[in-house]
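Trainee: I'm passing along query-v6.txt; it holds compact mmCIF, N, CA and C atoms.
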```
# COMPACT_ATOMS: atom_id res chain seq x y z
N MET A 477 -19.07 -16.88 9.07
CA MET A 477 -19.05 -18.10 8.28
C MET A 477 -17.78 -18.13 7.42
N VAL A 478 -17.07 -19.23 7.47
CA VAL A 478 -15.84 -19.39 6.71
C VAL A 478 -16.20 -19.89 5.31
N THR A 479 -15.64 -19.25 4.32
CA THR A 479 -15.94 -19.66 2.96
C THR A 479 -14.74 -20.38 2.34
N LEU A 480 -15.01 -21.13 1.32
CA LEU A 480 -14.00 -21.94 0.66
C LEU A 480 -12.78 -21.14 0.18
N PRO A 481 -12.95 -19.96 -0.45
CA PRO A 481 -11.76 -19.24 -0.90
C PRO A 481 -10.79 -18.89 0.24
N TYR A 482 -11.32 -18.57 1.40
CA TYR A 482 -10.46 -18.22 2.52
C TYR A 482 -9.77 -19.44 3.12
N VAL A 483 -10.45 -20.57 3.11
CA VAL A 483 -9.82 -21.81 3.56
C VAL A 483 -8.68 -22.18 2.61
N LEU A 484 -8.94 -22.09 1.32
CA LEU A 484 -7.90 -22.40 0.33
C LEU A 484 -6.72 -21.43 0.44
N ALA A 485 -7.01 -20.16 0.65
CA ALA A 485 -5.95 -19.16 0.80
C ALA A 485 -5.10 -19.47 2.04
N THR A 486 -5.73 -19.92 3.10
CA THR A 486 -5.00 -20.28 4.31
C THR A 486 -4.09 -21.47 4.05
N LEU A 487 -4.61 -22.47 3.33
CA LEU A 487 -3.78 -23.64 2.99
C LEU A 487 -2.62 -23.24 2.09
N LEU A 488 -2.86 -22.34 1.14
CA LEU A 488 -1.77 -21.85 0.29
C LEU A 488 -0.71 -21.12 1.11
N ALA A 489 -1.16 -20.31 2.07
CA ALA A 489 -0.22 -19.57 2.90
C ALA A 489 0.63 -20.51 3.76
N VAL A 490 0.01 -21.54 4.31
CA VAL A 490 0.76 -22.51 5.11
C VAL A 490 1.76 -23.27 4.23
N GLY A 491 1.28 -23.76 3.07
CA GLY A 491 2.17 -24.46 2.15
C GLY A 491 3.30 -23.57 1.65
N GLY A 492 2.97 -22.33 1.34
CA GLY A 492 3.99 -21.39 0.89
C GLY A 492 5.00 -21.09 1.97
N GLY A 493 4.54 -21.01 3.21
CA GLY A 493 5.45 -20.78 4.33
C GLY A 493 6.42 -21.92 4.54
N ILE A 494 5.92 -23.14 4.39
CA ILE A 494 6.79 -24.32 4.50
C ILE A 494 7.83 -24.32 3.39
N GLU A 495 7.38 -24.03 2.15
CA GLU A 495 8.31 -23.94 1.02
C GLU A 495 9.37 -22.86 1.25
N LEU A 496 8.93 -21.72 1.77
CA LEU A 496 9.84 -20.60 2.00
C LEU A 496 10.88 -20.95 3.06
N ALA A 497 10.48 -21.66 4.10
CA ALA A 497 11.43 -22.08 5.14
C ALA A 497 12.49 -23.02 4.56
N GLN A 498 12.05 -23.96 3.72
CA GLN A 498 13.01 -24.87 3.08
C GLN A 498 13.95 -24.09 2.15
N PHE A 499 13.40 -23.15 1.40
CA PHE A 499 14.23 -22.37 0.49
C PHE A 499 15.24 -21.52 1.27
N ASP A 500 14.85 -20.98 2.42
CA ASP A 500 15.79 -20.20 3.24
C ASP A 500 16.96 -21.06 3.69
N ARG A 501 16.69 -22.33 4.04
CA ARG A 501 17.77 -23.24 4.42
C ARG A 501 18.69 -23.51 3.21
N GLN A 502 18.09 -23.69 2.02
CA GLN A 502 18.91 -23.93 0.82
C GLN A 502 19.76 -22.70 0.50
N LEU A 503 19.18 -21.53 0.63
CA LEU A 503 19.90 -20.30 0.35
C LEU A 503 21.09 -20.14 1.30
N ALA A 504 20.88 -20.43 2.58
CA ALA A 504 21.98 -20.34 3.55
C ALA A 504 23.06 -21.37 3.23
N ALA A 505 22.66 -22.59 2.87
CA ALA A 505 23.62 -23.64 2.56
C ALA A 505 24.39 -23.34 1.28
N SER A 506 23.80 -22.56 0.38
CA SER A 506 24.48 -22.26 -0.89
C SER A 506 25.74 -21.42 -0.69
N SER A 507 25.88 -20.80 0.48
CA SER A 507 27.09 -20.00 0.73
C SER A 507 28.34 -20.87 0.78
N GLU A 508 28.16 -22.18 0.98
CA GLU A 508 29.30 -23.09 1.01
C GLU A 508 29.72 -23.55 -0.39
N LEU A 509 28.92 -23.24 -1.41
CA LEU A 509 29.26 -23.63 -2.78
C LEU A 509 30.24 -22.65 -3.39
N LYS A 510 31.02 -23.16 -4.33
CA LYS A 510 31.95 -22.29 -5.06
C LYS A 510 32.08 -22.81 -6.49
N PRO A 511 32.48 -21.94 -7.41
CA PRO A 511 32.71 -22.41 -8.78
C PRO A 511 33.69 -23.58 -8.79
N GLY A 512 33.37 -24.56 -9.62
CA GLY A 512 34.20 -25.76 -9.71
C GLY A 512 33.62 -26.95 -8.97
N ASP A 513 32.67 -26.71 -8.05
CA ASP A 513 32.03 -27.82 -7.34
C ASP A 513 31.24 -28.68 -8.32
N GLY A 514 31.10 -29.95 -7.99
CA GLY A 514 30.37 -30.88 -8.85
C GLY A 514 28.93 -31.07 -8.40
N GLU A 515 28.20 -31.86 -9.19
CA GLU A 515 26.78 -32.11 -8.92
C GLU A 515 26.56 -32.76 -7.57
N ALA A 516 27.42 -33.72 -7.20
CA ALA A 516 27.24 -34.42 -5.93
C ALA A 516 27.32 -33.45 -4.75
N ARG A 517 28.23 -32.50 -4.82
CA ARG A 517 28.37 -31.51 -3.74
C ARG A 517 27.13 -30.62 -3.65
N VAL A 518 26.61 -30.18 -4.78
CA VAL A 518 25.42 -29.33 -4.80
C VAL A 518 24.23 -30.11 -4.24
N LEU A 519 24.04 -31.35 -4.67
CA LEU A 519 22.94 -32.17 -4.17
C LEU A 519 23.08 -32.43 -2.67
N GLU A 520 24.30 -32.62 -2.21
CA GLU A 520 24.54 -32.86 -0.79
C GLU A 520 24.12 -31.64 0.05
N LEU A 521 24.45 -30.45 -0.43
CA LEU A 521 24.15 -29.23 0.32
C LEU A 521 22.72 -28.74 0.14
N LEU A 522 22.20 -28.81 -1.08
CA LEU A 522 20.92 -28.17 -1.39
C LEU A 522 19.78 -29.13 -1.65
N GLY A 523 20.08 -30.37 -1.98
CA GLY A 523 19.03 -31.30 -2.35
C GLY A 523 18.63 -31.10 -3.81
N GLU A 524 17.53 -31.73 -4.20
CA GLU A 524 17.05 -31.64 -5.58
C GLU A 524 16.52 -30.24 -5.89
N PRO A 525 16.82 -29.73 -7.08
CA PRO A 525 16.28 -28.41 -7.46
C PRO A 525 14.82 -28.51 -7.89
N LYS A 526 14.15 -27.36 -7.92
CA LYS A 526 12.78 -27.30 -8.45
C LYS A 526 12.78 -27.64 -9.93
N MET A 527 13.79 -27.14 -10.64
CA MET A 527 13.88 -27.37 -12.09
C MET A 527 15.33 -27.65 -12.47
N ARG A 528 15.51 -28.63 -13.36
CA ARG A 528 16.80 -28.86 -14.01
C ARG A 528 16.59 -28.49 -15.48
N CYS A 529 17.32 -27.51 -15.93
CA CYS A 529 17.18 -27.03 -17.31
C CYS A 529 18.47 -27.35 -18.06
N PRO A 530 18.50 -28.43 -18.84
CA PRO A 530 19.74 -28.85 -19.49
C PRO A 530 20.27 -27.86 -20.52
N HIS A 531 19.41 -26.99 -21.05
CA HIS A 531 19.85 -25.99 -22.03
C HIS A 531 19.45 -24.60 -21.58
N GLY A 532 19.40 -24.38 -20.29
CA GLY A 532 18.95 -23.11 -19.76
C GLY A 532 17.44 -23.00 -19.87
N LEU A 533 16.91 -21.94 -19.33
CA LEU A 533 15.45 -21.76 -19.33
C LEU A 533 15.05 -20.91 -20.53
N LEU A 534 15.25 -21.48 -21.72
CA LEU A 534 14.91 -20.79 -22.96
C LEU A 534 13.99 -21.70 -23.77
N LEU A 535 12.73 -21.78 -23.35
CA LEU A 535 11.81 -22.75 -23.94
C LEU A 535 11.40 -22.44 -25.37
N PHE A 536 11.26 -21.16 -25.70
CA PHE A 536 10.69 -20.79 -26.99
C PHE A 536 11.70 -20.11 -27.92
N THR A 537 12.96 -20.43 -27.76
CA THR A 537 13.98 -19.85 -28.63
C THR A 537 14.87 -20.97 -29.17
N ASN A 538 15.63 -20.66 -30.18
CA ASN A 538 16.57 -21.62 -30.75
C ASN A 538 17.95 -21.51 -30.12
N VAL A 539 18.12 -20.57 -29.22
CA VAL A 539 19.40 -20.34 -28.58
C VAL A 539 19.61 -21.38 -27.48
N SER A 540 20.80 -21.94 -27.41
CA SER A 540 21.12 -22.89 -26.37
C SER A 540 21.97 -22.19 -25.31
N ALA A 541 21.57 -22.33 -24.07
CA ALA A 541 22.29 -21.70 -22.97
C ALA A 541 22.92 -22.79 -22.11
N PRO A 542 23.82 -22.41 -21.22
CA PRO A 542 24.42 -23.41 -20.32
C PRO A 542 23.34 -24.02 -19.41
N PRO A 543 23.58 -25.24 -18.95
CA PRO A 543 22.62 -25.87 -18.03
C PRO A 543 22.44 -25.05 -16.75
N GLN A 544 21.23 -25.12 -16.21
CA GLN A 544 20.91 -24.41 -14.97
C GLN A 544 20.10 -25.32 -14.05
N TRP A 545 20.32 -25.16 -12.76
CA TRP A 545 19.45 -25.74 -11.75
C TRP A 545 18.82 -24.57 -11.03
N ILE A 546 17.51 -24.65 -10.84
CA ILE A 546 16.78 -23.55 -10.22
C ILE A 546 16.15 -24.02 -8.91
N TYR A 547 16.46 -23.29 -7.85
CA TYR A 547 15.89 -23.54 -6.53
C TYR A 547 15.01 -22.35 -6.18
N GLY A 548 13.83 -22.60 -5.66
CA GLY A 548 12.94 -21.52 -5.27
C GLY A 548 11.63 -22.10 -4.78
N THR A 549 10.63 -21.25 -4.70
CA THR A 549 9.32 -21.69 -4.24
C THR A 549 8.35 -21.67 -5.42
N ASN A 550 7.34 -22.51 -5.36
CA ASN A 550 6.30 -22.51 -6.39
C ASN A 550 5.18 -21.53 -6.04
N ILE A 551 4.95 -21.33 -4.75
CA ILE A 551 3.89 -20.43 -4.30
C ILE A 551 4.50 -19.09 -3.93
N ASP A 552 3.94 -18.02 -4.48
CA ASP A 552 4.39 -16.67 -4.16
C ASP A 552 3.48 -16.13 -3.06
N CYS A 553 3.95 -16.23 -1.82
CA CYS A 553 3.13 -15.83 -0.66
C CYS A 553 2.72 -14.36 -0.70
N THR A 554 3.50 -13.53 -1.38
CA THR A 554 3.17 -12.10 -1.44
C THR A 554 1.99 -11.83 -2.35
N LYS A 555 1.59 -12.79 -3.14
CA LYS A 555 0.49 -12.59 -4.10
C LYS A 555 -0.84 -13.20 -3.64
N ILE A 556 -0.87 -13.83 -2.46
CA ILE A 556 -2.12 -14.45 -1.99
C ILE A 556 -3.16 -13.39 -1.65
N ILE A 557 -2.73 -12.35 -0.97
CA ILE A 557 -3.65 -11.27 -0.59
C ILE A 557 -3.64 -10.22 -1.70
N ASP A 558 -4.80 -10.00 -2.28
CA ASP A 558 -4.97 -8.98 -3.33
C ASP A 558 -5.69 -7.80 -2.70
N THR A 559 -4.97 -6.71 -2.49
CA THR A 559 -5.55 -5.55 -1.81
C THR A 559 -6.64 -4.87 -2.63
N GLU A 560 -6.72 -5.18 -3.91
CA GLU A 560 -7.72 -4.56 -4.76
C GLU A 560 -8.98 -5.39 -4.90
N SER A 561 -9.02 -6.52 -4.19
CA SER A 561 -10.16 -7.41 -4.31
C SER A 561 -10.62 -7.85 -2.91
N ALA A 562 -11.87 -8.21 -2.83
CA ALA A 562 -12.40 -8.73 -1.56
C ALA A 562 -12.06 -10.20 -1.38
N PHE A 563 -11.54 -10.83 -2.43
CA PHE A 563 -11.24 -12.25 -2.38
C PHE A 563 -9.74 -12.48 -2.52
N PRO A 564 -9.23 -13.53 -1.91
CA PRO A 564 -7.80 -13.85 -2.05
C PRO A 564 -7.50 -14.40 -3.45
N ASN A 565 -6.25 -14.27 -3.84
CA ASN A 565 -5.77 -14.84 -5.09
C ASN A 565 -5.50 -16.32 -4.85
N LEU A 566 -6.23 -17.19 -5.52
CA LEU A 566 -6.06 -18.63 -5.31
C LEU A 566 -5.12 -19.27 -6.31
N LEU A 567 -4.42 -18.46 -7.08
CA LEU A 567 -3.44 -18.98 -8.04
C LEU A 567 -2.14 -18.17 -7.95
N PRO A 568 -1.52 -18.13 -6.76
CA PRO A 568 -0.30 -17.34 -6.58
C PRO A 568 0.97 -18.13 -6.92
N VAL A 569 1.02 -18.69 -8.12
CA VAL A 569 2.16 -19.53 -8.50
C VAL A 569 3.17 -18.73 -9.32
N LYS A 570 4.41 -19.18 -9.25
CA LYS A 570 5.48 -18.56 -10.02
C LYS A 570 5.65 -19.36 -11.32
N LEU A 571 5.52 -18.68 -12.44
CA LEU A 571 5.74 -19.32 -13.74
C LEU A 571 7.14 -18.96 -14.21
N ARG A 572 7.87 -19.98 -14.59
CA ARG A 572 9.24 -19.78 -15.06
C ARG A 572 9.31 -20.25 -16.51
N LEU A 573 8.77 -19.45 -17.42
CA LEU A 573 8.74 -19.87 -18.82
C LEU A 573 9.97 -19.39 -19.59
N PHE A 574 10.41 -18.18 -19.33
CA PHE A 574 11.50 -17.60 -20.11
C PHE A 574 12.76 -17.37 -19.30
N SER A 575 12.62 -17.26 -18.00
CA SER A 575 13.78 -17.03 -17.14
C SER A 575 13.41 -17.42 -15.71
N PRO A 576 14.42 -17.64 -14.88
CA PRO A 576 14.11 -17.91 -13.47
C PRO A 576 13.44 -16.69 -12.84
N ASP A 577 12.72 -16.92 -11.76
CA ASP A 577 12.12 -15.83 -11.01
C ASP A 577 13.25 -15.03 -10.34
N GLN A 578 13.04 -13.74 -10.14
CA GLN A 578 14.09 -12.91 -9.55
C GLN A 578 14.42 -13.33 -8.12
N SER A 579 13.53 -14.08 -7.47
CA SER A 579 13.79 -14.54 -6.11
C SER A 579 14.37 -15.95 -6.06
N ASP A 580 14.74 -16.52 -7.20
CA ASP A 580 15.28 -17.88 -7.26
C ASP A 580 16.78 -17.92 -7.03
N LEU A 581 17.23 -19.06 -6.53
CA LEU A 581 18.65 -19.38 -6.46
C LEU A 581 18.96 -20.19 -7.71
N VAL A 582 19.92 -19.73 -8.51
CA VAL A 582 20.21 -20.37 -9.79
C VAL A 582 21.67 -20.83 -9.80
N ILE A 583 21.87 -22.11 -10.11
CA ILE A 583 23.20 -22.67 -10.26
C ILE A 583 23.44 -22.84 -11.76
N ASN A 584 24.47 -22.20 -12.28
CA ASN A 584 24.84 -22.32 -13.69
C ASN A 584 26.00 -23.30 -13.81
N TRP A 585 25.90 -24.18 -14.80
CA TRP A 585 26.86 -25.27 -14.99
C TRP A 585 27.63 -25.12 -16.29
N ASN A 586 28.79 -25.76 -16.36
CA ASN A 586 29.49 -25.88 -17.64
C ASN A 586 29.22 -27.26 -18.21
N ASP A 587 29.77 -27.55 -19.37
CA ASP A 587 29.52 -28.84 -20.03
C ASP A 587 30.18 -30.02 -19.32
N GLN A 588 31.12 -29.74 -18.43
CA GLN A 588 31.80 -30.81 -17.69
C GLN A 588 31.10 -31.12 -16.36
N GLY A 589 29.95 -30.52 -16.10
CA GLY A 589 29.21 -30.79 -14.88
C GLY A 589 29.77 -30.10 -13.65
N ARG A 590 30.38 -28.94 -13.86
CA ARG A 590 30.94 -28.17 -12.75
C ARG A 590 30.22 -26.82 -12.63
N VAL A 591 30.08 -26.35 -11.41
CA VAL A 591 29.44 -25.05 -11.16
C VAL A 591 30.28 -23.94 -11.77
N VAL A 592 29.63 -23.09 -12.57
CA VAL A 592 30.30 -21.93 -13.15
C VAL A 592 30.00 -20.70 -12.31
N SER A 593 28.72 -20.53 -11.95
CA SER A 593 28.35 -19.38 -11.14
C SER A 593 27.09 -19.69 -10.33
N ILE A 594 26.89 -18.90 -9.32
CA ILE A 594 25.74 -19.04 -8.42
C ILE A 594 25.06 -17.68 -8.33
N GLN A 595 23.79 -17.63 -8.72
CA GLN A 595 23.02 -16.39 -8.64
C GLN A 595 22.07 -16.49 -7.47
N ARG A 596 22.26 -15.61 -6.51
CA ARG A 596 21.38 -15.59 -5.33
C ARG A 596 20.47 -14.38 -5.41
N PRO A 597 19.25 -14.51 -4.85
CA PRO A 597 18.32 -13.36 -4.87
C PRO A 597 18.80 -12.23 -3.95
```
Would you write the structure of this file as structure tokens?

Mentor:
Amino acid sequence: MVTLPYVLATLLAVGGGIELAQFDRQLAASSELKPGDGEARVLELLGEPKMRCPHGLLLFTNVSAPPQWIYGTNIDCTKIIDTESAFPNLLPVKLRLFSPDQSDLVINWNDQGRVVSIQRP
């Protein structure tokens, strides 16, 4: 008998796989970017980011950082199966409260709207 948690876990795995395939294409396309490129070039190659952080990803501090665009997945496929439990993890999401996830592609910008650096996982 199939139970609801396993059906949901399967849907999460399929959705996460689709997200991961899209992110792999963005990561490969990011090799064509270089410092000095503008927003239009980044959007042309990578599309819309998961997050646009106009002052960096520093939500709970008074420090202002350079703008960042973050590309990545929302579902962490590696966290769906919990080997210590008989049930799957139905909340395998990536929270980006203080910094990008280590597996994210991060575009750092200057105040003139030009790429300063590209951080790849």

Trainee: Restricting the calculation to only C-alpha atoms, which member of A:Ala562, A:Val592, A:Ile546, A:Cys529 is positioned closest to Asp577 in chain A?

Mentor: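 Checking each of A:Ala562, A:Val592, A:Ile546, A:Cys529 against Asp577 in chain A, counting only C-alpha atoms, the winner is A:Ile546.
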
Trainee: When you look at Thr549 in chain A with a cut-off of 8 Å (counting only C-alpha atoms), what residues show up, excluding the ones that are within fewer than 3 positions of it in the same chain? I need them as a count of residues only.

Mentor: 8

Trainee: Which residue is closest to Asp558 in chain A? Choose from A:Ser507, A:Ser579, A:Ala485, A:Gly514 and count only C-alpha atoms.

Mentor: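 Residue with the minimum atom-to-atom distance to Asp558 in chain A: A:Ala485.
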
Trainee: Enumerate the residues of chain A with a DSSP assignment of helix (DSSP H, G or I), computed from the backbone, and present them as a ChimeraX atom specification.

Mentor: /A:480-508,515-522,553-555

Trainee: Export, as a short mmCIF file (atom, residue, chain, number, x, y, z; two decimals), keeping the file's coordinate frame, the selected residues with N, CA and C atoms.

Mentor:
```
data_model
loop_
_atom_site.label_atom_id
_atom_site.label_comp_id
_atom_site.auth_asym_id
_atom_site.auth_seq_id
_atom_site.Cartn_x
_atom_site.Cartn_y
_atom_site.Cartn_z
N LEU A 480 -15.01 -21.13 1.32
CA LEU A 480 -14.00 -21.94 0.66
C LEU A 480 -12.78 -21.14 0.18
N PRO A 481 -12.95 -19.96 -0.45
CA PRO A 481 -11.76 -19.24 -0.90
C PRO A 481 -10.79 -18.89 0.24
N TYR A 482 -11.32 -18.57 1.40
CA TYR A 482 -10.46 -18.22 2.52
C TYR A 482 -9.77 -19.44 3.12
N VAL A 483 -10.45 -20.57 3.11
CA VAL A 483 -9.82 -21.81 3.56
C VAL A 483 -8.68 -22.18 2.61
N LEU A 484 -8.94 -22.09 1.32
CA LEU A 484 -7.90 -22.40 0.33
C LEU A 484 -6.72 -21.43 0.44
N ALA A 485 -7.01 -20.16 0.65
CA ALA A 485 -5.95 -19.16 0.80
C ALA A 485 -5.10 -19.47 2.04
N THR A 486 -5.73 -19.92 3.10
CA THR A 486 -5.00 -20.28 4.31
C THR A 486 -4.09 -21.47 4.05
N LEU A 487 -4.61 -22.47 3.33
CA LEU A 487 -3.78 -23.64 2.99
C LEU A 487 -2.62 -23.24 2.09
N LEU A 488 -2.86 -22.34 1.14
CA LEU A 488 -1.77 -21.85 0.29
C LEU A 488 -0.71 -21.12 1.11
N ALA A 489 -1.16 -20.31 2.07
CA ALA A 489 -0.22 -19.57 2.90
C ALA A 489 0.63 -20.51 3.76
N VAL A 490 0.01 -21.54 4.31
CA VAL A 490 0.76 -22.51 5.11
C VAL A 490 1.76 -23.27 4.23
N GLY A 491 1.28 -23.76 3.07
CA GLY A 491 2.17 -24.46 2.15
C GLY A 491 3.30 -23.57 1.65
N GLY A 492 2.97 -22.33 1.34
CA GLY A 492 3.99 -21.39 0.89
C GLY A 492 5.00 -21.09 1.97
N GLY A 493 4.54 -21.01 3.21
CA GLY A 493 5.45 -20.78 4.33
C GLY A 493 6.42 -21.92 4.54
N ILE A 494 5.92 -23.14 4.39
CA ILE A 494 6.79 -24.32 4.50
C ILE A 494 7.83 -24.32 3.39
N GLU A 495 7.38 -24.03 2.15
CA GLU A 495 8.31 -23.94 1.02
C GLU A 495 9.37 -22.86 1.25
N LEU A 496 8.93 -21.72 1.77
CA LEU A 496 9.84 -20.60 2.00
C LEU A 496 10.88 -20.95 3.06
N ALA A 497 10.48 -21.66 4.10
CA ALA A 497 11.43 -22.08 5.14
C ALA A 497 12.49 -23.02 4.56
N GLN A 498 12.05 -23.96 3.72
CA GLN A 498 13.01 -24.87 3.08
C GLN A 498 13.95 -24.09 2.15
N PHE A 499 13.40 -23.15 1.40
CA PHE A 499 14.23 -22.37 0.49
C PHE A 499 15.24 -21.52 1.27
N ASP A 500 14.85 -20.98 2.42
CA ASP A 500 15.79 -20.20 3.24
C ASP A 500 16.96 -21.06 3.69
N ARG A 501 16.69 -22.33 4.04
CA ARG A 501 17.77 -23.24 4.42
C ARG A 501 18.69 -23.51 3.21
N GLN A 502 18.09 -23.69 2.02
CA GLN A 502 18.91 -23.93 0.82
C GLN A 502 19.76 -22.70 0.50
N LEU A 503 19.18 -21.53 0.63
CA LEU A 503 19.90 -20.30 0.35
C LEU A 503 21.09 -20.14 1.30
N ALA A 504 20.88 -20.43 2.58
CA ALA A 504 21.98 -20.34 3.55
C ALA A 504 23.06 -21.37 3.23
N ALA A 505 22.66 -22.59 2.87
CA ALA A 505 23.62 -23.64 2.56
C ALA A 505 24.39 -23.34 1.28
N SER A 506 23.80 -22.56 0.38
CA SER A 506 24.48 -22.26 -0.89
C SER A 506 25.74 -21.42 -0.69
N SER A 507 25.88 -20.80 0.48
CA SER A 507 27.09 -20.00 0.73
C SER A 507 28.34 -20.87 0.78
N GLU A 508 28.16 -22.18 0.98
CA GLU A 508 29.30 -23.09 1.01
C GLU A 508 29.72 -23.55 -0.39
N GLU A 515 28.20 -31.86 -9.19
CA GLU A 515 26.78 -32.11 -8.92
C GLU A 515 26.56 -32.76 -7.57
N ALA A 516 27.42 -33.72 -7.20
CA ALA A 516 27.24 -34.42 -5.93
C ALA A 516 27.32 -33.45 -4.75
N ARG A 517 28.23 -32.50 -4.82
CA ARG A 517 28.37 -31.51 -3.74
C ARG A 517 27.13 -30.62 -3.65
N VAL A 518 26.61 -30.18 -4.78
CA VAL A 518 25.42 -29.33 -4.80
C VAL A 518 24.23 -30.11 -4.24
N LEU A 519 24.04 -31.35 -4.67
CA LEU A 519 22.94 -32.17 -4.17
C LEU A 519 23.08 -32.43 -2.67
N GLU A 520 24.30 -32.62 -2.21
CA GLU A 520 24.54 -32.86 -0.79
C GLU A 520 24.12 -31.64 0.05
N LEU A 521 24.45 -30.45 -0.43
CA LEU A 521 24.15 -29.23 0.32
C LEU A 521 22.72 -28.74 0.14
N LEU A 522 22.20 -28.81 -1.08
CA LEU A 522 20.92 -28.17 -1.39
C LEU A 522 19.78 -29.13 -1.65
N CYS A 553 3.95 -16.23 -1.82
CA CYS A 553 3.13 -15.83 -0.66
C CYS A 553 2.72 -14.36 -0.70
N THR A 554 3.50 -13.53 -1.38
CA THR A 554 3.17 -12.10 -1.44
C THR A 554 1.99 -11.83 -2.35
N LYS A 555 1.59 -12.79 -3.14
CA LYS A 555 0.49 -12.59 -4.10
C LYS A 555 -0.84 -13.20 -3.64
#
```

Trainee: Taking only N, CA and C atoms into account, which of A:Pro564, A:Gly589, A:Pro576, A:Pro597 comes nearest Glu515 in chain A?

Mentor: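 The answer is A:Gly589, which sits nearest to Glu515 in chain A.
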
Trainee: Could you check how far CA of Val490 in chain A sits from atom N of Ile556 in chain A, in Å to one decimal?

Mentor: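 According to the coordinates, CA of Val490 in chain A and atom N of Ile556 in chain A are separated by 11.6 Å.
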
Trainee: Can you list every residue in chain A that DSSP puts in strand (DSSP E or B), as number ranges by chain?

Mentor: A: 514, 527-530, 532, 544-547, 551, 569, 581-585, 590-595

Trainee: Go ahead and compute the interatomic distance for atom N of Ser506 in chain A and atom N of Val582 in chain A, in Å to one decimal.

Mentor: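 Between atom N of Ser506 in chain A and atom N of Val582 in chain A the gap is 10.1 Å.
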
Trainee: Interatomic distance between CA of Gly523 in chain A and CA of Asn550 in chain A?

Mentor: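 If I compute the distance from CA of Gly523 in chain A to CA of Asn550 in chain A, I get 16.0 Å.
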
Trainee: Just want the 10 Å neighbourhood of range 518-520 of chain A, counted on only C-alpha atoms, with same-chain residues fewer than 2 positions away dropped. Output as a ChimeraX atom specification.

Mentor: /A:505-506,508-510,513-516,522-525,545,583,590-591

Trainee: Would you mind exporting N, CA and C atoms of the selected residues as a PDB file, in the coordinates of the input?

Mentor:
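This is the output file again_18.pdb:
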```pdb
ATOM      1  N   ALA A 505      22.660 -22.590   2.870  1.00  0.00           N
ATOM      2  CA  ALA A 505      23.620 -23.640   2.560  1.00  0.00           C
ATOM      3  C   ALA A 505      24.390 -23.340   1.280  1.00  0.00           C
ATOM      4  N   SER A 506      23.800 -22.560   0.380  1.00  0.00           N
ATOM      5  CA  SER A 506      24.480 -22.260  -0.890  1.00  0.00           C
ATOM      6  C   SER A 506      25.740 -21.420  -0.690  1.00  0.00           C
ATOM      7  N   GLU A 508      28.160 -22.180   0.980  1.00  0.00           N
ATOM      8  CA  GLU A 508      29.300 -23.090   1.010  1.00  0.00           C
ATOM      9  C   GLU A 508      29.720 -23.550  -0.390  1.00  0.00           C
ATOM     10  N   LEU A 509      28.920 -23.240  -1.410  1.00  0.00           N
ATOM     11  CA  LEU A 509      29.260 -23.630  -2.780  1.00  0.00           C
ATOM     12  C   LEU A 509      30.240 -22.650  -3.390  1.00  0.00           C
ATOM     13  N   LYS A 510      31.020 -23.160  -4.330  1.00  0.00           N
ATOM     14  CA  LYS A 510      31.950 -22.290  -5.060  1.00  0.00           C
ATOM     15  C   LYS A 510      32.080 -22.810  -6.490  1.00  0.00           C
ATOM     16  N   ASP A 513      32.670 -26.710  -8.050  1.00  0.00           N
ATOM     17  CA  ASP A 513      32.030 -27.820  -7.340  1.00  0.00           C
ATOM     18  C   ASP A 513      31.240 -28.680  -8.320  1.00  0.00           C
ATOM     19  N   GLY A 514      31.100 -29.950  -7.990  1.00  0.00           N
ATOM     20  CA  GLY A 514      30.370 -30.880  -8.850  1.00  0.00           C
ATOM     21  C   GLY A 514      28.930 -31.070  -8.400  1.00  0.00           C
ATOM     22  N   GLU A 515      28.200 -31.860  -9.190  1.00  0.00           N
ATOM     23  CA  GLU A 515      26.780 -32.110  -8.920  1.00  0.00           C
ATOM     24  C   GLU A 515      26.560 -32.760  -7.570  1.00  0.00           C
ATOM     25  N   ALA A 516      27.420 -33.720  -7.200  1.00  0.00           N
ATOM     26  CA  ALA A 516      27.240 -34.420  -5.930  1.00  0.00           C
ATOM     27  C   ALA A 516      27.320 -33.450  -4.750  1.00  0.00           C
ATOM     28  N   LEU A 522      22.200 -28.810  -1.080  1.00  0.00           N
ATOM     29  CA  LEU A 522      20.920 -28.170  -1.390  1.00  0.00           C
ATOM     30  C   LEU A 522      19.780 -29.130  -1.650  1.00  0.00           C
ATOM     31  N   GLY A 523      20.080 -30.370  -1.980  1.00  0.00           N
ATOM     32  CA  GLY A 523      19.030 -31.300  -2.350  1.00  0.00           C
ATOM     33  C   GLY A 523      18.630 -31.100  -3.810  1.00  0.00           C
ATOM     34  N   GLU A 524      17.530 -31.730  -4.200  1.00  0.00           N
ATOM     35  CA  GLU A 524      17.050 -31.640  -5.580  1.00  0.00           C
ATOM     36  C   GLU A 524      16.520 -30.240  -5.890  1.00  0.00           C
ATOM     37  N   PRO A 525      16.820 -29.730  -7.080  1.00  0.00           N
ATOM     38  CA  PRO A 525      16.280 -28.410  -7.460  1.00  0.00           C
ATOM     39  C   PRO A 525      14.820 -28.510  -7.890  1.00  0.00           C
ATOM     40  N   TRP A 545      20.320 -25.160 -12.760  1.00  0.00           N
ATOM     41  CA  TRP A 545      19.450 -25.740 -11.750  1.00  0.00           C
ATOM     42  C   TRP A 545      18.820 -24.570 -11.030  1.00  0.00           C
ATOM     43  N   ILE A 583      21.870 -22.110 -10.110  1.00  0.00           N
ATOM     44  CA  ILE A 583      23.200 -22.670 -10.260  1.00  0.00           C
ATOM     45  C   ILE A 583      23.440 -22.840 -11.760  1.00  0.00           C
ATOM     46  N   ARG A 590      30.380 -28.940 -13.860  1.00  0.00           N
ATOM     47  CA  ARG A 590      30.940 -28.170 -12.750  1.00  0.00           C
ATOM     48  C   ARG A 590      30.220 -26.820 -12.630  1.00  0.00           C
ATOM     49  N   VAL A 591      30.080 -26.350 -11.410  1.00  0.00           N
ATOM     50  CA  VAL A 591      29.440 -25.050 -11.160  1.00  0.00           C
ATOM     51  C   VAL A 591      30.280 -23.940 -11.770  1.00  0.00           C
TER      52      VAL A 591
END
```

Trainee: Between A:Phe574, A:Leu581, A:Cys553, A:Pro511, single out the one closest to Gln595 in chain A, counting only C-alpha atoms.

Mentor: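 Comparing A:Phe574, A:Leu581, A:Cys553, A:Pro511 against Gln595 in chain A, the winner is A:Leu581.
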